[in-house]
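A.B. asks: Mind looking over this structure? Questions follow.
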Amino acid sequence: MMVLLLPGLLASCASQDERAADDAKHEQRVDIHTRLGATYLYRNQLDVAQQELERALELDPDDSQANNVMGLLQIRLKNDDKAERHFRRAISEQGDNSEARNNYGVFLCERNRLDEADKQFRAALANQLYRTPEQAALNAGLCALRKPDKDAAAKYLRTALEKDPRLTPALYQMARLSFEAGQMLSARGFMQRYFEVGQDTPEVLLLAFRIERALGAKDAQASYAVRLRGKFPDSAEAKQLRTLTGR
């Protein structure tokens with residue numbers, strides 16, 4: 001009896017192996033089209049990106065990452081309803097897709113749906129396997145500033161800097177929050193860390209000037225003033241500097 005069943009058993013195993021191989025090839029094709037779509041989106045070749053992503057979703061309408069990238073494309077195409085549908089689909093199909101949750105959170109925040117956005121950022125951060133949690137923490141902090149909820153913003157921004165101490169937007173925002181709270185030495189510290197890795201911008205240089213002015217550091221504030229006037233003479237910040245200094 002065993003001998004009679006063995007060929008059938010082997011055929012069944014072979015069939016399962018073939019199905020597994022076919023499934024793997026199918027998933028690979030979805031992944032390839034999704035990655036191509038993301039690449040073309042990054043290059044601003046939106047028509048080609050849409051073709052690739054539509055192909056990915058034809059192969060698998062439930063693929064979380066394909067829906068996530070399609071959501072990003074629809075934002076660029078100013079199709080908010082479609083973008084939201086794709087983000088929701090991405091999350092419903094894979095709840096631990098923190099990249100999709102972060103992107104959806106940014107989408108919601110930019111439309112002033114702040115509490116909904118915070119929920120998505122928190123869910124993204126709860127995933128211990130999330131590869132770039134600093135991005136969700138930074139976005140959550142920036143979104144909290146819209147409320148404004150400075151305490152929540154500072155908490156998120158500190159989390160972002162724990163994950164990536166060189167994250168320049170978080171360093172700048174923490175310097176600004178510290179300055180506004182009257183914590184000038186802390187503000188200076190964040191500003192110094194910023195300049196170790198970040199580039200001069202009008203906003204950053206004006207803030208650095210104001211911090212050093214509050215601390216009474218004449219040489220430092222003069223240095224920042226020279227950089228602001230020299231690099232960005234026509235900026236709104238340079239005009240503010242003239243108001244502050246009288247020249």
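Residue numbering restarts at 1 for every chain of the structure tokens, chains are lettered A, B, ... in their displayed order, and ligands are numbered from 1 as they appear.
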Just asking: which residues within range 12-161 of chain A are helix (DSSP H, G or I) according to DSSP, as a ChimeraX atom specification?
C.D. replies: /A:12-42,46-59,64-76,80-93,98-110,114-126,133-146,150-161
A.B. asks: Find the nearest atom pair between each residue of range 150-179 of chain A and range 128-140 of chain A for residues within 9 Å, count only C-alpha atoms, give distances in Å to one decimal, sort rows by chain and ascending number, and present the table as a tab-separated table.
C.D. replies:
```
residue	atom	partner	partner_atom	distance
A:Ala152	CA	A:Ala140	CA	8.7
A:Ala153	CA	A:Ala140	CA	7.2
A:Lys155	CA	A:Ala137	CA	8.9
A:Tyr156	CA	A:Ala137	CA	5.2
A:Leu157	CA	A:Leu138	CA	5.5
A:Arg158	CA	A:Ala137	CA	8.4
A:Thr159	CA	A:Ala137	CA	6.3
A:Ala160	CA	A:Glu134	CA	4.3
A:Leu161	CA	A:Glu134	CA	7.1
A:Glu162	CA	A:Glu134	CA	8.1
A:Lys163	CA	A:Glu134	CA	5.5
A:Asp164	CA	A:Glu134	CA	6.4
A:Leu167	CA	A:Glu134	CA	8.2
A:Pro169	CA	A:Leu138	CA	7.8
A:Ala170	CA	A:Leu138	CA	6.4
```
A.B. asks: Put those residues in a file: N, CA and C atoms, as a PDB file, in the first residue's frame.
C.D. replies:
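Listing of selection.pdb after writing:
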```pdb
ATOM      1  N   ALA A 152       4.588  67.948  23.538  1.00  0.00           N
ATOM      2  CA  ALA A 152       4.559  66.730  22.722  1.00  0.00           C
ATOM      3  C   ALA A 152       5.587  66.817  21.606  1.00  0.00           C
ATOM      4  N   ALA A 153       5.707  68.001  21.004  1.00  0.00           N
ATOM      5  CA  ALA A 153       6.678  68.176  19.924  1.00  0.00           C
ATOM      6  C   ALA A 153       8.093  67.896  20.417  1.00  0.00           C
ATOM      7  N   LYS A 155       9.026  66.097  22.932  1.00  0.00           N
ATOM      8  CA  LYS A 155       9.190  64.679  23.238  1.00  0.00           C
ATOM      9  C   LYS A 155       9.472  63.873  21.971  1.00  0.00           C
ATOM     10  N   TYR A 156       8.698  64.140  20.932  1.00  0.00           N
ATOM     11  CA  TYR A 156       8.909  63.433  19.673  1.00  0.00           C
ATOM     12  C   TYR A 156      10.271  63.774  19.074  1.00  0.00           C
ATOM     13  N   LEU A 157      10.640  65.046  19.111  1.00  0.00           N
ATOM     14  CA  LEU A 157      11.908  65.462  18.512  1.00  0.00           C
ATOM     15  C   LEU A 157      13.098  64.857  19.250  1.00  0.00           C
ATOM     16  N   ARG A 158      12.997  64.757  20.569  1.00  0.00           N
ATOM     17  CA  ARG A 158      14.072  64.103  21.334  1.00  0.00           C
ATOM     18  C   ARG A 158      14.165  62.616  20.971  1.00  0.00           C
ATOM     19  N   THR A 159      13.023  61.993  20.755  1.00  0.00           N
ATOM     20  CA  THR A 159      13.029  60.600  20.313  1.00  0.00           C
ATOM     21  C   THR A 159      13.726  60.476  18.961  1.00  0.00           C
ATOM     22  N   ALA A 160      13.427  61.409  18.053  1.00  0.00           N
ATOM     23  CA  ALA A 160      14.068  61.393  16.738  1.00  0.00           C
ATOM     24  C   ALA A 160      15.582  61.517  16.868  1.00  0.00           C
ATOM     25  N   LEU A 161      16.025  62.392  17.770  1.00  0.00           N
ATOM     26  CA  LEU A 161      17.463  62.604  17.935  1.00  0.00           C
ATOM     27  C   LEU A 161      18.138  61.449  18.664  1.00  0.00           C
ATOM     28  N   GLU A 162      17.390  60.719  19.476  1.00  0.00           N
ATOM     29  CA  GLU A 162      17.947  59.501  20.073  1.00  0.00           C
ATOM     30  C   GLU A 162      18.248  58.467  18.988  1.00  0.00           C
ATOM     31  N   LYS A 163      17.376  58.430  17.986  1.00  0.00           N
ATOM     32  CA  LYS A 163      17.559  57.476  16.887  1.00  0.00           C
ATOM     33  C   LYS A 163      18.622  57.959  15.905  1.00  0.00           C
ATOM     34  N   ASP A 164      18.677  59.266  15.685  1.00  0.00           N
ATOM     35  CA  ASP A 164      19.646  59.847  14.747  1.00  0.00           C
ATOM     36  C   ASP A 164      20.085  61.205  15.284  1.00  0.00           C
ATOM     37  N   LEU A 167      20.169  64.464  12.919  1.00  0.00           N
ATOM     38  CA  LEU A 167      18.973  64.817  12.158  1.00  0.00           C
ATOM     39  C   LEU A 167      18.755  66.334  12.242  1.00  0.00           C
ATOM     40  N   PRO A 169      16.756  68.740  10.890  1.00  0.00           N
ATOM     41  CA  PRO A 169      15.496  69.428  11.180  1.00  0.00           C
ATOM     42  C   PRO A 169      15.104  69.328  12.658  1.00  0.00           C
ATOM     43  N   ALA A 170      15.392  68.194  13.283  1.00  0.00           N
ATOM     44  CA  ALA A 170      15.079  68.028  14.701  1.00  0.00           C
ATOM     45  C   ALA A 170      15.979  68.906  15.563  1.00  0.00           C
TER      46      ALA A 170
END
```
A.B. asks: To one decimal place in Å, what is the distance between CA of Lys231 in chain A and CA of Ala217 in chain A?
C.D. replies: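 Between these atoms lies a distance of 21.4 Å.
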A.B. asks: Give me, as an MDAnalysis selection string, all polymer residues having an atom no more than 12 Å from Glu116 in chain A, counting only C-alpha atoms and skipping those fewer than 2 positions away in the same chain.
C.D. replies: chainID A and resid 101:102 104:114 118:123 140 143:144
A.B. asks: Give me a file of those residues, with C-alpha atoms, as a compact mmCIF listing (two decimals), in the first residue's frame.
C.D. replies:
```txt
# COMPACT_ATOMS: atom_id res chain seq x y z
CA ARG A 101 1.66 54.72 8.37
CA ASN A 102 4.28 57.49 8.37
CA TYR A 104 -0.37 58.53 5.76
CA GLY A 105 0.41 60.51 8.90
CA VAL A 106 2.15 63.21 6.86
CA PHE A 107 -0.81 63.26 4.46
CA LEU A 108 -3.24 63.76 7.36
CA CYS A 109 -1.09 66.36 9.10
CA GLU A 110 -0.77 68.48 5.98
CA ARG A 111 -4.56 68.56 5.85
CA ASN A 112 -4.80 69.58 9.51
CA ARG A 113 -6.25 66.25 10.62
CA LEU A 114 -3.76 66.40 13.44
CA ASP A 118 -0.64 61.47 15.49
CA LYS A 119 -2.35 58.10 15.72
CA GLN A 120 -0.56 56.95 12.56
CA PHE A 121 2.82 58.22 13.74
CA ARG A 122 2.43 56.47 17.09
CA ALA A 123 1.48 53.23 15.36
CA ALA A 140 5.15 63.61 14.64
CA CYS A 143 2.87 67.91 13.33
CA ALA A 144 2.56 68.55 17.07
```
A.B. asks: If we count only C-alpha atoms, what is near range 180-189 of chain A at a cut-off of 9 Å, once residues fewer than 4 positions away on the same chain are taken out, given as a PyMOL selection string?
C.D. replies: chain A and resi 172+174-176+193-194+208+211-212+214-215
A.B. asks: Could you write out the selected residues, including N, CA and C atoms, as a JSON list (two decimals), in the first residue's frame?
C.D. replies:
```
[["chain", "number", "residue", "atom", "x", "y", "z"],
["A", 172, "TYR", "N", 17.36, 71.78, 14.68],
["A", 172, "TYR", "CA", 16.89, 73.16, 14.53],
["A", 172, "TYR", "C", 15.63, 73.43, 15.34],
["A", 174, "MET", "N", 14.52, 71.84, 17.97],
["A", 174, "MET", "CA", 14.81, 71.80, 19.40],
["A", 174, "MET", "C", 15.51, 73.08, 19.84],
["A", 175, "ALA", "N", 16.38, 73.63, 19.00],
["A", 175, "ALA", "CA", 17.01, 74.92, 19.31],
["A", 175, "ALA", "C", 15.95, 76.01, 19.39],
["A", 176, "ARG", "N", 15.02, 75.99, 18.47],
["A", 176, "ARG", "CA", 13.96, 77.01, 18.47],
["A", 176, "ARG", "C", 13.05, 76.88, 19.69],
["A", 193, "ARG", "N", 25.25, 71.75, 17.59],
["A", 193, "ARG", "CA", 25.16, 70.42, 17.00],
["A", 193, "ARG", "C", 24.65, 70.51, 15.56],
["A", 194, "TYR", "N", 23.72, 71.43, 15.33],
["A", 194, "TYR", "CA", 23.20, 71.60, 13.97],
["A", 194, "TYR", "C", 24.33, 71.98, 13.01],
["A", 208, "ALA", "N", 20.33, 81.50, 15.35],
["A", 208, "ALA", "CA", 21.63, 81.45, 16.02],
["A", 208, "ALA", "C", 22.03, 82.83, 16.52],
["A", 211, "ILE", "N", 19.95, 83.72, 19.61],
["A", 211, "ILE", "CA", 20.39, 82.97, 20.79],
["A", 211, "ILE", "C", 21.64, 83.61, 21.39],
["A", 212, "GLU", "N", 22.61, 83.90, 20.54],
["A", 212, "GLU", "CA", 23.87, 84.48, 21.04],
["A", 212, "GLU", "C", 23.64, 85.90, 21.56],
["A", 214, "ALA", "N", 20.90, 86.88, 23.06],
["A", 214, "ALA", "CA", 20.29, 86.70, 24.37],
["A", 214, "ALA", "C", 21.33, 86.32, 25.42],
["A", 215, "LEU", "N", 22.37, 85.61, 24.99],
["A", 215, "LEU", "CA", 23.43, 85.20, 25.90],
["A", 215, "LEU", "C", 24.50, 86.28, 26.07]]
```
A.B. asks: For Lys82 in chain A, find every residue with an atom within 10 Å (counting only C-alpha atoms), except residues of its own chain fewer than 5 positions away, and show them as a list in words.
C.D. replies: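 Counting only C-alpha atoms, the residues come to Met70, Gly71, Leu72, Leu73, Gln74, Ile75, Leu77, Phe87 and Arg88 of chain A.
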A.B. asks: I'd like to know which of A:Gln221, A:Asn103, A:Thr245, A:Gln65 is closest to Ile32 in chain A, using only C-alpha atoms.
C.D. replies: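 So, comparing all the options, the nearest one is A:Gln65.
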A.B. asks: Kindly give the distance, in Å, that separates CA of Asn44 in chain A and CA of Asp31 in chain A, rounded to a single decimal.
C.D. replies: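 Between CA of Asn44 in chain A and CA of Asp31 in chain A the gap is 19.7 Å.
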A.B. asks: So that I can check the surroundings of Glu52 in chain A, please list as a ChimeraX atom specification every protein, DNA and RNA residue that reaches within 6 Å of it, counting only C-alpha atoms and ignoring chain neighbours fewer than 2 positions away.
C.D. replies: /A:33,37,49-50,54-55
A.B. asks: Create the file for the chosen residues now, containing N, CA and C atoms and written as a short mmCIF file (atom, residue, chain, number, x, y, z; two decimals), in the first residue's frame.
C.D. replies:
```cif
data_model
loop_
_atom_site.label_atom_id
_atom_site.label_comp_id
_atom_site.auth_asym_id
_atom_site.auth_seq_id
_atom_site.Cartn_x
_atom_site.Cartn_y
_atom_site.Cartn_z
N HIS A 33 7.79 45.89 -10.10
CA HIS A 33 6.99 47.00 -10.62
C HIS A 33 6.82 48.09 -9.55
N GLY A 37 8.15 51.83 -9.95
CA GLY A 37 7.24 52.94 -9.76
C GLY A 37 7.80 53.97 -8.78
N ALA A 49 5.73 56.25 -13.68
CA ALA A 49 5.52 55.73 -12.34
C ALA A 49 4.12 55.15 -12.20
N GLN A 50 3.13 55.86 -12.73
CA GLN A 50 1.76 55.37 -12.64
C GLN A 50 1.58 54.07 -13.41
N GLU A 54 0.37 50.77 -11.49
CA GLU A 54 -0.88 50.14 -11.92
C GLU A 54 -0.64 48.68 -12.28
N ARG A 55 0.50 48.40 -12.88
CA ARG A 55 0.83 47.02 -13.22
C ARG A 55 1.01 46.19 -11.94
#
```
A.B. asks: Quick one: everything within 7 Å of range 199-207 of chain A, counting only C-alpha atoms, minus sequence neighbours fewer than 2 positions away in the same chain. Send it as a PyMOL selection string.
C.D. replies: chain A and resi 195+209-211+224+228+232+235+237
A.B. asks: Write a file of the selected residues as a compact mmCIF listing (two decimals), in the first residue's frame, keeping N, CA and C atoms.
C.D. replies:
```
# COMPACT_ATOMS: atom_id res chain seq x y z
N PHE A 195 25.13 72.97 13.40
CA PHE A 195 26.17 73.47 12.49
C PHE A 195 27.28 72.45 12.25
N PHE A 209 21.81 83.86 15.69
CA PHE A 209 22.10 85.24 16.10
C PHE A 209 21.30 85.62 17.34
N ARG A 210 20.01 85.30 17.33
CA ARG A 210 19.15 85.70 18.45
C ARG A 210 19.54 84.97 19.73
N ILE A 211 19.95 83.72 19.61
CA ILE A 211 20.39 82.97 20.79
C ILE A 211 21.64 83.61 21.39
N TYR A 224 27.42 85.41 13.19
CA TYR A 224 26.20 84.93 12.54
C TYR A 224 25.57 86.02 11.69
N LEU A 228 24.74 85.77 7.71
CA LEU A 228 23.38 85.97 7.20
C LEU A 228 23.36 87.07 6.13
N PHE A 232 22.74 85.59 2.42
CA PHE A 232 21.31 85.74 2.08
C PHE A 232 20.88 87.20 2.25
N SER A 235 17.06 88.06 1.87
CA SER A 235 16.07 87.22 2.56
C SER A 235 15.26 88.03 3.57
N GLU A 237 14.82 87.14 6.51
CA GLU A 237 15.57 87.09 7.77
C GLU A 237 16.63 88.18 7.83
```
A.B. asks: With distances taken over only C-alpha atoms, which residue among A:Asn68, A:Gln45, A:Glu99, A:Arg213 lies nearest His86 in chain A?
C.D. replies: A:Asn68
A.B. asks: Which of these, A:Ser178, A:Lys218, A:Leu142, A:Thr168, has the shortest distance to Glu196 in chain A once you count only C-alpha atoms?
C.D. replies: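 Counting only C-alpha atoms, the residue closest to Glu196 in chain A is A:Thr168.
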A.B. asks: Interatomic distance between CA of Arg29 in chain A and CA of Arg43 in chain A?
C.D. replies: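 CA of Arg43 in chain A lies 21.2 Å from CA of Arg29 in chain A.
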A.B. asks: Go through A:Gly230, A:Ile91, A:Arg247, A:Leu145 one by one, measure the shortest atom-to-atom distance of each to Asn67 in chain A using only C-alpha atoms, and give the residue with the smallest value.
C.D. replies: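 Residue with the minimum atom-to-atom distance to Asn67 in chain A: A:Ile91.
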